[in-house]
$ cat structure38.pdb   # PDB, C-alpha atoms (C1' of nucleotides)
ATOM      1  CA  MET A   1      -5.023   3.847 -11.028
ATOM      2  CA  LYS A   2      -5.192   0.080 -10.967
ATOM      3  CA  ILE A   3      -8.075  -2.029 -12.221
ATOM      4  CA  GLY A   4      -9.318  -5.343 -10.915
ATOM      5  CA  TYR A   5     -12.167  -7.776 -10.391
ATOM      6  CA  PRO A   6     -13.488  -9.602  -7.328
ATOM      7  CA  CYS A   7     -12.644 -12.992  -5.916
ATOM      8  CA  ILE A   8     -12.873 -15.451  -8.767
ATOM      9  CA  ASN A   9     -11.507 -16.022 -12.234
ATOM     10  CA  TRP A  10     -13.455 -18.056 -14.787
ATOM     11  CA  THR A  11     -10.542 -18.498 -17.211
ATOM     12  CA  ILE A  12      -8.056 -20.540 -15.245
ATOM     13  CA  GLY A  13     -10.408 -23.262 -14.033
ATOM     14  CA  CYS A  14      -9.611 -22.817 -10.360
ATOM     15  CA  LYS A  15     -11.506 -20.288  -8.283
ATOM     16  CA  GLY A  16     -10.029 -20.373  -4.813
ATOM     17  CA  ASP A  17     -13.345 -20.055  -3.003
ATOM     18  CA  ARG A  18     -14.014 -23.722  -2.349
ATOM     19  CA  THR A  19     -15.865 -24.478   0.843
ATOM     20  CA  PHE A  20     -17.878 -27.297   2.343
ATOM     21  CA  ARG A  21     -20.832 -27.891   4.613
ATOM     22  CA  LEU A  22     -20.514 -27.233   8.317
ATOM     23  CA  LYS A  23     -21.748 -30.771   8.892
ATOM     24  CA  SER A  24     -18.757 -32.212   7.083
ATOM     25  CA  TYR A  25     -16.233 -30.095   8.987
ATOM     26  CA  SER A  26     -12.993 -31.801   9.868
ATOM     27  CA  GLU A  27      -9.446 -30.609  10.274
ATOM     28  CA  GLU A  28      -8.390 -32.669   7.264
ATOM     29  CA  ARG A  29     -11.141 -31.195   5.146
ATOM     30  CA  LEU A  30     -10.203 -27.681   6.214
ATOM     31  CA  ILE A  31      -6.520 -28.184   5.439
ATOM     32  CA  GLU A  32      -7.253 -29.705   2.059
ATOM     33  CA  THR A  33      -9.659 -26.905   1.124
ATOM     34  CA  VAL A  34      -7.431 -24.055   2.255
ATOM     35  CA  GLU A  35      -4.463 -25.634   0.470
ATOM     36  CA  ASN A  36      -6.530 -25.637  -2.729
ATOM     37  CA  ASN A  37      -7.760 -22.081  -2.211
ATOM     38  CA  LEU A  38      -4.299 -20.657  -1.568
ATOM     39  CA  ASN A  39      -2.887 -22.381  -4.650
ATOM     40  CA  CYS A  40      -5.739 -21.034  -6.741
ATOM     41  CA  LEU A  41      -5.144 -17.570  -5.344
ATOM     42  CA  ILE A  42      -1.527 -17.762  -6.520
ATOM     43  CA  ASN A  43      -2.709 -18.827  -9.989
ATOM     44  CA  MET A  44      -5.184 -15.943 -10.162
ATOM     45  CA  LEU A  45      -2.582 -13.425  -9.012
ATOM     46  CA  ASN A  46      -0.158 -14.645 -11.672
ATOM     47  CA  PHE A  47      -2.873 -14.338 -14.312
ATOM     48  CA  ASN A  48      -3.554 -10.808 -13.095
ATOM     49  CA  ILE A  49       0.107  -9.811 -13.135
ATOM     50  CA  LYS A  50       0.451 -11.101 -16.671
ATOM     51  CA  ASN A  51      -2.555  -9.006 -17.702
ATOM     52  CA  ASN A  52      -1.758  -5.830 -15.824
ATOM     53  CA  LEU A  53      -4.757  -6.284 -13.497
ATOM     54  CA  LEU A  54      -3.100  -4.964 -10.372
ATOM     55  CA  PHE A  55      -6.117  -4.728  -8.087
ATOM     56  CA  PHE A  56      -7.762  -7.838  -6.696
ATOM     57  CA  ARG A  57     -10.374  -8.726  -4.096
ATOM     58  CA  ILE A  58      -9.539 -11.838  -2.117
ATOM     59  CA  THR A  59     -12.546 -14.028  -1.341
ATOM     60  CA  SER A  60     -13.851 -14.251   2.208
ATOM     61  CA  ASP A  61     -14.087 -18.018   1.657
ATOM     62  CA  LEU A  62     -10.300 -18.379   1.555
ATOM     63  CA  VAL A  63     -10.368 -20.109   4.954
ATOM     64  CA  PRO A  64     -13.878 -21.549   5.408
ATOM     65  CA  PHE A  65     -15.298 -21.322   8.943
ATOM     66  CA  ALA A  66     -12.224 -19.383  10.113
ATOM     67  CA  SER A  67     -14.322 -17.304  12.514
ATOM     68  CA  HIS A  68     -16.765 -20.067  13.413
ATOM     69  CA  PRO A  69     -16.505 -21.629  16.895
ATOM     70  CA  ILE A  70     -16.120 -25.036  15.280
ATOM     71  CA  CYS A  71     -12.701 -24.050  13.969
ATOM     72  CA  LYS A  72     -10.029 -24.716  16.582
ATOM     73  CA  PHE A  73      -7.324 -25.287  14.023
ATOM     74  CA  ASP A  74      -4.297 -22.990  13.973
ATOM     75  CA  TRP A  75      -4.519 -22.298  10.243
ATOM     76  CA  GLN A  76      -2.515 -19.092  10.698
ATOM     77  CA  ASN A  77       0.541 -21.054  11.702
ATOM     78  CA  HIS A  78      -0.052 -24.071   9.503
ATOM     79  CA  PHE A  79      -0.276 -21.972   6.317
ATOM     80  CA  LYS A  80       2.105 -19.226   7.404
ATOM     81  CA  ASN A  81       4.717 -19.910   4.735
ATOM     82  CA  LYS A  82       2.297 -20.150   1.871
ATOM     83  CA  ILE A  83       0.385 -17.032   2.939
ATOM     84  CA  GLN A  84       3.649 -15.113   3.268
ATOM     85  CA  GLU A  85       4.675 -16.309  -0.177
ATOM     86  CA  ILE A  86       1.428 -14.864  -1.528
ATOM     87  CA  GLY A  87       2.106 -11.616   0.289
ATOM     88  CA  LYS A  88       5.544 -11.402  -1.296
ATOM     89  CA  LEU A  89       4.064 -11.936  -4.750
ATOM     90  CA  ILE A  90       1.581  -9.129  -4.093
ATOM     91  CA  ASN A  91       4.157  -6.744  -2.668
ATOM     92  CA  LYS A  92       6.776  -7.474  -5.309
ATOM     93  CA  ASN A  93       4.318  -6.557  -8.047
ATOM     94  CA  ASN A  94       2.884  -3.613  -6.133
ATOM     95  CA  MET A  95      -0.653  -4.960  -6.335
ATOM     96  CA  ARG A  96      -3.594  -3.445  -4.458
ATOM     97  CA  ILE A  97      -5.707  -5.858  -2.392
ATOM     98  CA  SER A  98      -9.147  -5.629  -0.840
ATOM     99  CA  MET A  99     -11.574  -7.962   0.899
ATOM    100  CA  HIS A 100     -15.339  -7.672   1.301
ATOM    101  CA  PRO A 101     -16.975  -9.581   4.186
ATOM    102  CA  ASP A 102     -20.449 -10.645   3.168
ATOM    103  CA  GLN A 103     -23.926  -9.628   4.158
ATOM    104  CA  PHE A 104     -23.941 -11.371   7.518
ATOM    105  CA  ILE A 105     -21.361  -8.997   8.896
ATOM    106  CA  VAL A 106     -23.370  -6.246  10.567
ATOM    107  CA  LEU A 107     -21.441  -4.056  12.950
ATOM    108  CA  ASN A 108     -24.475  -1.995  13.967
ATOM    109  CA  SER A 109     -26.868  -4.871  14.626
ATOM    110  CA  LYS A 110     -29.153  -4.615  17.637
ATOM    111  CA  THR A 111     -28.321  -8.222  18.445
ATOM    112  CA  PRO A 112     -25.100  -8.327  20.499
ATOM    113  CA  ASP A 113     -24.386 -11.846  19.283
ATOM    114  CA  VAL A 114     -24.475 -10.689  15.657
ATOM    115  CA  VAL A 115     -22.054  -7.874  16.466
ATOM    116  CA  GLU A 116     -19.736 -10.256  18.258
ATOM    117  CA  ARG A 117     -19.669 -12.724  15.374
ATOM    118  CA  SER A 118     -19.207  -9.875  12.923
ATOM    119  CA  ILE A 119     -16.149  -8.677  14.811
ATOM    120  CA  ALA A 120     -14.730 -12.209  14.807
ATOM    121  CA  GLU A 121     -15.181 -12.361  11.038
ATOM    122  CA  LEU A 122     -13.558  -8.937  10.581
ATOM    123  CA  TYR A 123     -10.665 -10.119  12.718
ATOM    124  CA  TYR A 124     -10.216 -13.121  10.440
ATOM    125  CA  HIS A 125     -10.118 -10.857   7.374
ATOM    126  CA  ALA A 126      -7.536  -8.594   9.015
ATOM    127  CA  GLU A 127      -5.470 -11.603   9.976
ATOM    128  CA  VAL A 128      -5.247 -12.842   6.390
ATOM    129  CA  LEU A 129      -3.957  -9.454   5.229
ATOM    130  CA  ASP A 130      -1.605  -9.112   8.201
ATOM    131  CA  LEU A 131      -0.120 -12.568   7.630
ATOM    132  CA  MET A 132       0.605 -11.500   4.042
ATOM    133  CA  LYS A 133       2.468  -8.523   5.510
ATOM    134  CA  LEU A 134       0.492  -6.081   3.382
ATOM    135  CA  ASP A 135       0.580  -2.430   4.369
ATOM    136  CA  LYS A 136      -2.402  -0.266   5.353
ATOM    137  CA  THR A 137      -3.443   0.191   1.722
ATOM    138  CA  ALA A 138      -4.948  -3.327   1.743
ATOM    139  CA  LYS A 139      -8.509  -2.693   2.858
ATOM    140  CA  ILE A 140     -11.572  -4.498   4.169
ATOM    141  CA  GLN A 141     -14.718  -2.907   2.782
ATOM    142  CA  LEU A 142     -18.010  -3.065   4.650
ATOM    143  CA  HIS A 143     -21.443  -1.493   4.398
ATOM    144  CA  ALA A 144     -22.737   0.534   7.325
ATOM    145  CA  GLY A 145     -25.351  -2.129   8.126
ATOM    146  CA  GLY A 146     -29.067  -2.132   8.867
ATOM    147  CA  ALA A 147     -31.379   0.841   9.471
ATOM    148  CA  TYR A 148     -33.678  -0.622  12.142
ATOM    149  CA  GLY A 149     -36.168   2.156  11.475
ATOM    150  CA  ASN A 150     -33.787   4.921  12.568
ATOM    151  CA  LYS A 151     -30.771   5.559  10.404
ATOM    152  CA  LYS A 152     -29.158   8.221  12.564
ATOM    153  CA  GLU A 153     -29.361   6.122  15.694
ATOM    154  CA  SER A 154     -28.086   3.106  13.772
ATOM    155  CA  LEU A 155     -25.093   5.057  12.458
ATOM    156  CA  GLU A 156     -24.302   6.169  15.989
ATOM    157  CA  ARG A 157     -24.422   2.557  17.103
ATOM    158  CA  PHE A 158     -22.014   1.749  14.285
ATOM    159  CA  ALA A 159     -19.672   4.469  15.506
ATOM    160  CA  ASP A 160     -19.813   3.207  19.109
ATOM    161  CA  ASN A 161     -18.987  -0.326  18.042
ATOM    162  CA  TYR A 162     -16.281   0.877  15.667
ATOM    163  CA  ASN A 163     -14.543   2.744  18.461
ATOM    164  CA  LYS A 164     -14.258  -0.485  20.437
ATOM    165  CA  LEU A 165     -12.586  -2.402  17.601
ATOM    166  CA  ASP A 166      -9.054  -3.743  17.708
ATOM    167  CA  GLU A 167      -6.487  -1.580  15.864
ATOM    168  CA  LYS A 168      -5.788  -4.575  13.661
ATOM    169  CA  ILE A 169      -9.273  -4.144  12.184
ATOM    170  CA  LYS A 170      -9.399  -0.333  12.280
ATOM    171  CA  ASN A 171      -6.203  -0.189  10.223
ATOM    172  CA  ARG A 172      -8.026  -1.776   7.332
ATOM    173  CA  LEU A 173     -11.742  -1.087   7.586
ATOM    174  CA  VAL A 174     -13.327   1.228   5.032
ATOM    175  CA  ILE A 175     -17.047   1.952   4.605
ATOM    176  CA  GLU A 176     -18.910   1.683   1.328
ATOM    177  CA  ASN A 177     -22.185   3.360   0.330
ATOM    178  CA  ASP A 178     -24.934   0.841  -0.489
ATOM    179  CA  ASP A 179     -27.888   0.982  -2.868
ATOM    180  CA  LYS A 180     -30.720   0.614  -0.351
ATOM    181  CA  ILE A 181     -30.051   2.273   2.990
ATOM    182  CA  TYR A 182     -26.877   4.271   3.468
ATOM    183  CA  SER A 183     -26.021   6.695   0.679
ATOM    184  CA  PHE A 184     -22.621   8.282   0.238
ATOM    185  CA  LYS A 185     -23.882  11.287   2.208
ATOM    186  CA  ASP A 186     -24.813   9.000   5.122
ATOM    187  CA  CYS A 187     -21.328   7.512   4.969
ATOM    188  CA  LEU A 188     -19.834  11.006   5.139
ATOM    189  CA  PHE A 189     -21.749  11.536   8.377
ATOM    190  CA  LEU A 190     -20.102   8.392   9.679
ATOM    191  CA  HIS A 191     -16.692   9.573   8.519
ATOM    192  CA  GLU A 192     -17.114  12.809  10.441
ATOM    193  CA  LYS A 193     -17.715  10.826  13.603
ATOM    194  CA  ILE A 194     -15.013   8.166  13.316
ATOM    195  CA  LYS A 195     -12.673   9.282  10.495
ATOM    196  CA  VAL A 196     -13.018   5.977   8.641
ATOM    197  CA  PRO A 197     -12.043   6.142   4.937
ATOM    198  CA  LEU A 198     -14.956   5.848   2.501
ATOM    199  CA  LEU A 199     -15.066   3.570  -0.507
ATOM    200  CA  PHE A 200     -17.200   5.120  -3.254
ATOM    201  CA  ASP A 201     -19.466   2.707  -5.085
ATOM    202  CA  LEU A 202     -20.439   4.526  -8.259
ATOM    203  CA  PHE A 203     -23.212   2.122  -9.210
ATOM    204  CA  HIS A 204     -24.810   2.176  -5.759
ATOM    205  CA  HIS A 205     -24.586   5.939  -5.881
ATOM    206  CA  ARG A 206     -26.483   5.986  -9.157
ATOM    207  CA  VAL A 207     -29.250   3.941  -7.505
ATOM    208  CA  LEU A 208     -29.320   5.774  -4.146
ATOM    209  CA  ASN A 209     -28.099   9.366  -3.802
ATOM    210  CA  ASN A 210     -28.895  12.849  -2.598
ATOM    211  CA  LYS A 211     -28.504  14.461  -6.007
ATOM    212  CA  GLU A 212     -24.798  15.177  -5.536
ATOM    213  CA  SER A 213     -22.634  14.996  -8.642
ATOM    214  CA  VAL A 214     -20.109  12.183  -8.979
ATOM    215  CA  GLU A 215     -17.364  14.796  -9.044
ATOM    216  CA  ASP A 216     -18.572  16.185  -5.724
ATOM    217  CA  CYS A 217     -18.471  12.690  -4.200
ATOM    218  CA  LEU A 218     -14.976  11.987  -5.547
ATOM    219  CA  GLU A 219     -13.751  15.266  -4.088
ATOM    220  CA  LYS A 220     -15.239  14.493  -0.682
ATOM    221  CA  GLN A 221     -14.127  10.869  -0.789
ATOM    222  CA  ARG A 222     -10.513  11.809  -1.486
ATOM    223  CA  LYS A 223     -10.353  13.738   1.765
ATOM    224  CA  THR A 224     -11.383  10.702   3.812
ATOM    225  CA  TRP A 225      -8.195   8.790   2.896
ATOM    226  CA  GLU A 226      -4.919   9.435   4.721
ATOM    227  CA  LYS A 227      -1.635   9.002   2.869
ATOM    228  CA  GLU A 228      -0.894   5.601   4.420
ATOM    229  CA  ASP A 229      -4.332   4.316   3.330
ATOM    230  CA  GLY A 230      -3.245   4.613  -0.302
ATOM    231  CA  ILE A 231      -5.307   6.221  -3.054
ATOM    232  CA  PRO A 232      -9.101   5.834  -2.680
ATOM    233  CA  LEU A 233     -10.910   2.689  -3.765
ATOM    234  CA  LEU A 234     -13.894   2.737  -6.071
ATOM    235  CA  ASP A 235     -16.417   0.049  -7.037
ATOM    236  CA  TYR A 236     -17.703   0.256 -10.584
ATOM    237  CA  SER A 237     -20.614  -1.586 -12.161
ATOM    238  CA  SER A 238     -23.460  -0.933 -14.525
ATOM    239  CA  GLN A 239     -27.139  -1.758 -14.644
ATOM    240  CA  LYS A 240     -28.338  -5.072 -16.045
ATOM    241  CA  VAL A 241     -30.815  -3.827 -18.630
ATOM    242  CA  GLY A 242     -34.405  -4.896 -17.956
ATOM    243  CA  PHE A 243     -33.737  -5.997 -14.363
ATOM    244  CA  ARG A 244     -34.455  -4.278 -11.057
ATOM    245  CA  PRO A 245     -32.397  -1.135 -10.319
ATOM    246  CA  GLY A 246     -29.163  -2.245  -8.690
ATOM    247  CA  SER A 247     -28.898  -5.521 -10.588
ATOM    248  CA  HIS A 248     -25.327  -5.981 -11.804
ATOM    249  CA  ALA A 249     -24.615  -6.245 -15.523
ATOM    250  CA  GLU A 250     -23.319  -9.464 -17.040
ATOM    251  CA  SER A 251     -20.569  -7.655 -18.878
ATOM    252  CA  ILE A 252     -19.069  -4.203 -18.844
ATOM    253  CA  ASP A 253     -20.703  -1.274 -20.651
ATOM    254  CA  LEU A 254     -17.566   0.016 -22.319
ATOM    255  CA  LYS A 255     -19.013   3.322 -23.427
ATOM    256  CA  ASP A 256     -20.171   4.127 -19.921
ATOM    257  CA  PHE A 257     -16.827   3.067 -18.493
ATOM    258  CA  GLU A 258     -14.869   5.203 -20.927
ATOM    259  CA  LYS A 259     -17.096   8.158 -20.210
ATOM    260  CA  PHE A 260     -16.572   7.710 -16.484
ATOM    261  CA  LEU A 261     -12.798   7.624 -16.953
ATOM    262  CA  ASN A 262     -12.978  10.885 -18.872
ATOM    263  CA  ASP A 263     -15.417  12.558 -16.499
ATOM    264  CA  SER A 264     -13.502  11.573 -13.363
ATOM    265  CA  LYS A 265     -10.266  13.360 -14.251
ATOM    266  CA  PRO A 266      -8.281  14.591 -12.344
ATOM    267  CA  TYR A 267      -9.196  12.217  -9.523
ATOM    268  CA  ASP A 268      -7.131   9.092  -9.041
ATOM    269  CA  PHE A 269      -8.395   5.848  -7.480
ATOM    270  CA  ASP A 270      -8.226   2.071  -7.915
ATOM    271  CA  ILE A 271     -11.266   0.551  -9.614
ATOM    272  CA  MET A 272     -12.944  -2.728  -8.706
ATOM    273  CA  LEU A 273     -15.202  -3.938 -11.511
ATOM    274  CA  GLU A 274     -18.177  -5.664  -9.948
ATOM    275  CA  ILE A 275     -19.303  -7.266 -13.178
ATOM    276  CA  LYS A 276     -20.524 -10.832 -13.340
ATOM    277  CA  ASP A 277     -18.166 -12.067 -16.031
ATOM    278  CA  LYS A 278     -15.179 -11.028 -13.907
ATOM    279  CA  GLU A 279     -11.771 -11.028 -15.636
ATOM    280  CA  SER A 280     -13.379 -10.979 -19.068
ATOM    281  CA  SER A 281     -14.709  -7.451 -18.523
ATOM    282  CA  ALA A 282     -11.608  -6.453 -16.584
ATOM    283  CA  LEU A 283      -9.442  -7.247 -19.614
ATOM    284  CA  LYS A 284     -11.659  -5.057 -21.807
ATOM    285  CA  ALA A 285     -11.507  -2.276 -19.222
ATOM    286  CA  ILE A 286      -7.717  -2.431 -19.108
ATOM    287  CA  ASN A 287      -7.629  -2.010 -22.874
ATOM    288  CA  ILE A 288      -9.608   1.185 -22.607
ATOM    289  CA  ALA A 289      -7.765   2.488 -19.566
ATOM    290  CA  GLU A 290      -4.425   1.999 -21.281
ATOM    291  CA  LYS A 291      -5.023   5.329 -22.989
ATOM    292  CA  ASP A 292      -5.437   6.927 -19.572
ATOM    293  CA  LYS A 293      -2.317   8.430 -18.065
ATOM    294  CA  ARG A 294      -3.513   7.449 -14.594
ATOM    295  CA  LEU A 295      -3.167   3.713 -15.220
ATOM    296  CA  VAL A 296      -0.280   1.987 -13.419
ATOM    297  CA  LYS A 297       1.363  -0.663 -15.579
ATOM    298  CA  ILE A 298       3.358  -3.655 -14.462
ATOM    299  CA  SER A 299       6.323  -2.929 -16.747
ATOM    300  CA  GLU A 300       6.724   0.569 -15.373
ATOM    301  CA  GLN A 301       6.889  -0.675 -11.811
ATOM    302  CA  ASN A 302       9.525  -3.320 -12.374
ATOM    303  CA  GLY A 303      11.665  -1.220 -14.691
TER
ATOM    304  C1'  DT B   1     -23.064 -39.983 -12.937
ATOM    305  C1'  DC B   2     -26.608 -36.951 -12.156
ATOM    306  C1'  DA B   3     -30.713 -34.585 -10.000
ATOM    307  C1'  DC B   4     -31.969 -31.605  -6.771
ATOM    308  C1'  DG B   5     -32.639 -30.040  -1.880
ATOM    309  C1'  DT B   6     -30.164 -27.337   0.840
ATOM    310  C1'  DC B   7     -26.389 -24.558   2.620
ATOM    311  C1'  DA B   8     -23.057 -20.492   9.131
ATOM    312  C1'  DA B   9     -24.355 -16.157   9.318
ATOM    313  C1'  DG B  10     -28.638 -10.448   8.468
ATOM    314  C1'  DC B  11     -31.449  -7.369   6.783
ATOM    315  C1'  DA B  12     -34.835  -4.912   3.823
ATOM    316  C1'  DG B  13     -38.221  -4.801   0.451
ATOM    317  C1'  DA B  14     -41.316  -7.128  -2.634
ATOM    318  C1'  DT B  15     -44.803 -10.536  -3.149
TER
ATOM    319  C1'  DA C   1     -45.442 -15.469   5.985
ATOM    320  C1'  DT C   2     -42.254 -16.333   2.503
ATOM    321  C1'  DC C   3     -38.994 -15.213  -0.984
ATOM    322  C1'  DT C   4     -35.086 -12.711  -3.104
ATOM    323  C1'  DG C   5     -30.788 -10.291  -3.456
ATOM    324  C1'  DC C   6     -26.385  -9.256  -1.859
ATOM    325  C1'  DT C   7     -20.042 -10.065  -4.766
ATOM    326  C1'  DT C   8     -21.455 -15.914  -6.435
ATOM    327  C1'  DG C   9     -23.536 -21.425  -7.108
ATOM    328  C1'  DA C  10     -21.939 -25.475  -5.446
ATOM    329  C1'  DC C  11     -22.001 -29.239  -1.770
ATOM    330  C1'  DG C  12     -23.370 -33.691  -0.929
ATOM    331  C1'  DT C  13     -26.969 -37.153  -0.391
ATOM    332  C1'  DG C  14     -29.604 -40.496  -2.672
ATOM    333  C1'  DA C  15     -30.712 -43.062  -6.588
TER
END

$ encode --input "structure38.pdb" --output "structure tokens"
Amino acid sequence: MKIGYPCINWTIGCKGDRTFRLKSYSEERLIETVENNLNCLINMLNFNIKNNLLFFRITSDLVPFASHPICKFDWQNHFKNKIQEIGKLINKNNMRISMHPDQFIVLNSKTPDVVERSIAELYYHAEVLDLMKLDKTAKIQLHAGGAYGNKKESLERFADNYNKLDEKIKNRLVIENDDKIYSFKDCLFLHEKIKVPLLFDLFHHRVLNNKESVEDCLEKQRKTWEKEDGIPLLDYSSQKVGFRPGSHAESIDLKDFEKFLNDSKPYDFDIMLEIKDKESSALKAINIAEKDKRLVKISEQNG
DNA sequence: TCACGTCAAGCAGAT
DNA sequence: ATCTGCTTGACGTGA
């Protein structure tokens, strides 16, 4: 078990997700921004290593407009050395990495143009991880998409489009249950069709489910991951009290987290804390998890 | 230096 | 029809 937080770190004053307006696109601007983002990523990774946070989600904004037609720049080659350096840092410290393309990426859209642009964006994500020379355990997590009034048909459309994807993307894509449309059970249906690994989002499951126990989901999830995919990934969050169901908490509910750690034995997985205060909650979580025999520690790996 | 309108992209649900 | 949320504010013009 490794624990981490997504994309940005509020402590070190450098977030690595800088972007700019499409209107002000230029090659110089792109280079300058990516340079900044990669340096920040290194800083965040070093912070994480120091604090035993060995799971991290890399922002989709690392290379702004990478999949947009406006971008003709060969950023892959230009930043090859620096990206490889980052990959070495990750591999040396045996860190787990994920990425999460945002809401515009809809593989089962009824609009062919949306699907095409989504695939381009997925390709960009895969390229970042490939350039870092990370193995198949580094994953790109995506929701199943829209419902369009017919969930079954929409899942079948997802499966059809998935089957046409480049291996480069298929190697890394995993599907996550959401809190509005596709429950974990729906994702299992998808897994049966295309054998894609499933990422279990505990919080989404609490909002949208089919009355299955968490243990039941963890058992079924485990079977969707092959050995080379690594141990399963899990998103953890808790409800922001007084806000709409599904609203993410500002900081971690430690009692709930501790209870989940106890209840989830003997399953092993890496946990992404989707909590708004980021590393602050992650550090508290690590403190609690230190008592758990499942936790992988940096000293043990290097020793 | 700061206020504030707007930002590449999709979809669903609430208002 | 328009707004909000999603993993999250922050870019950039105008004064």

$ resolve_selection --input "structure38.pdb" --expression "the PyMOL selection byres ((chain A) within 10 of (chain B))" --output "PyMOL selection string"
chain A and resi 20-23+64-65+67-68+102-106+109+114+117-118+145-148+180-181

$ atom_distance --input "structure38.pdb" --atom1 "CA of Arg29 in chain A" --atom2 "CA of Lys15 in chain A"
17.3 Å

$ resolve_selection --input "structure38.pdb" --expression "the PyMOL selection byres ((chain C) within 9 of (chain A))" --output "ChimeraX atom specification"
/C:5-8,10-12

$ atom_distance --input "structure38.pdb" --atom1 "CA of Asp235 in chain A" --atom2 "CA of Ile271 in chain A"
5.8 Å

$ residues_around --input "structure38.pdb" --residues "Leu218 in chain A" --least-positions-apart "4" --cutoff "12 Å" --atoms "all atoms listed in the file" --output "list in words"
Phe184, Lys185, Leu188, Leu198, Leu199, Phe200, Asp201, Leu202, His205, Glu212, Ser213, Val214, Arg222, Lys223, Thr224, Trp225, Ile231, Pro232, Leu233, Leu234, Phe260, Asp263, Ser264, Lys265, Pro266, Tyr267, Asp268 and Phe269 of chain A

$ residues_near_point --input "structure38.pdb" --point "(-0.2, -22.8, -4.3)" --cutoff "12 Å" --atoms "all atoms listed in the file" --output "mmCIF file with C-alpha atoms, in the coordinates of the input"
data_model
loop_
_atom_site.group_PDB
_atom_site.id
_atom_site.type_symbol
_atom_site.label_atom_id
_atom_site.label_comp_id
_atom_site.auth_asym_id
_atom_site.auth_seq_id
_atom_site.Cartn_x
_atom_site.Cartn_y
_atom_site.Cartn_z
ATOM 1 C CA CYS A 14 -9.611 -22.817 -10.360
ATOM 2 C CA GLY A 16 -10.029 -20.373 -4.813
ATOM 3 C CA GLU A 32 -7.253 -29.705 2.059
ATOM 4 C CA THR A 33 -9.659 -26.905 1.124
ATOM 5 C CA VAL A 34 -7.431 -24.055 2.255
ATOM 6 C CA GLU A 35 -4.463 -25.634 0.470
ATOM 7 C CA ASN A 36 -6.530 -25.637 -2.729
ATOM 8 C CA ASN A 37 -7.760 -22.081 -2.211
ATOM 9 C CA LEU A 38 -4.299 -20.657 -1.568
ATOM 10 C CA ASN A 39 -2.887 -22.381 -4.650
ATOM 11 C CA CYS A 40 -5.739 -21.034 -6.741
ATOM 12 C CA LEU A 41 -5.144 -17.570 -5.344
ATOM 13 C CA ILE A 42 -1.527 -17.762 -6.520
ATOM 14 C CA ASN A 43 -2.709 -18.827 -9.989
ATOM 15 C CA MET A 44 -5.184 -15.943 -10.162
ATOM 16 C CA LEU A 45 -2.582 -13.425 -9.012
ATOM 17 C CA ASN A 46 -0.158 -14.645 -11.672
ATOM 18 C CA PHE A 79 -0.276 -21.972 6.317
ATOM 19 C CA ASN A 81 4.717 -19.910 4.735
ATOM 20 C CA LYS A 82 2.297 -20.150 1.871
ATOM 21 C CA ILE A 83 0.385 -17.032 2.939
ATOM 22 C CA GLN A 84 3.649 -15.113 3.268
ATOM 23 C CA GLU A 85 4.675 -16.309 -0.177
ATOM 24 C CA ILE A 86 1.428 -14.864 -1.528
ATOM 25 C CA LEU A 89 4.064 -11.936 -4.750
#

$ residues_around --input "structure38.pdb" --residues "Asp186 in chain A" --least-positions-apart "2" --cutoff "10 Å" --atoms "only C-alpha atoms (C1' of nucleotides)" --output "list of chain:residue names"
A:Ala144, A:Lys151, A:Lys152, A:Leu155, A:Asn177, A:Asp178, A:Ile181, A:Tyr182, A:Ser183, A:Phe184, A:Leu188, A:Phe189, A:Leu190, A:His191, A:Asn209, A:Asn210

$ atom_distance --input "structure38.pdb" --atom1 "CA of Ile288 in chain A" --atom2 "CA of Ile90 in chain A"
24.0 Å

$ resolve_selection --input "structure38.pdb" --expression "the PyMOL selection byres ((chain A and resi 135) around 10)" --output "PyMOL selection string"
chain A and resi 91+96-97+129-130+132-134+136-139+171-172+228-230

$ closest_residue --input "structure38.pdb" --among "A:Cys217, A:Ile12, A:Val115, A:Met99" --to "Phe47 in chain A" --atoms "all atoms listed in the file"
A:Ile12

$ decode --input "structure38.pdb" --residues "range 62-81 of chain A" --atoms "C-alpha atoms" --output "mmCIF file, in the first residue's frame"
data_model
loop_
_atom_site.group_PDB
_atom_site.id
_atom_site.type_symbol
_atom_site.label_atom_id
_atom_site.label_comp_id
_atom_site.auth_asym_id
_atom_site.auth_seq_id
_atom_site.Cartn_x
_atom_site.Cartn_y
_atom_site.Cartn_z
ATOM 1 C CA LEU A 62 1.821 19.225 -17.529
ATOM 2 C CA VAL A 63 2.054 20.059 -21.243
ATOM 3 C CA PRO A 64 -0.739 22.552 -22.010
ATOM 4 C CA PHE A 65 -2.472 22.086 -25.377
ATOM 5 C CA ALA A 66 -0.415 18.944 -26.065
ATOM 6 C CA SER A 67 -3.331 17.307 -27.882
ATOM 7 C CA HIS A 68 -4.703 20.503 -29.405
ATOM 8 C CA PRO A 69 -4.233 21.045 -33.162
ATOM 9 C CA ILE A 70 -2.510 24.338 -32.416
ATOM 10 C CA CYS A 71 0.440 22.480 -30.928
ATOM 11 C CA LYS A 72 2.916 21.519 -33.641
ATOM 12 C CA PHE A 73 5.875 21.605 -31.310
ATOM 13 C CA ASP A 74 7.876 18.428 -30.727
ATOM 14 C CA TRP A 75 7.774 18.711 -26.940
ATOM 15 C CA GLN A 76 8.453 14.977 -26.622
ATOM 16 C CA ASN A 77 11.899 15.402 -28.087
ATOM 17 C CA HIS A 78 12.628 18.831 -26.675
ATOM 18 C CA PHE A 79 11.973 17.725 -23.077
ATOM 19 C CA LYS A 80 13.106 14.128 -23.485
ATOM 20 C CA ASN A 81 16.029 14.374 -21.075
#
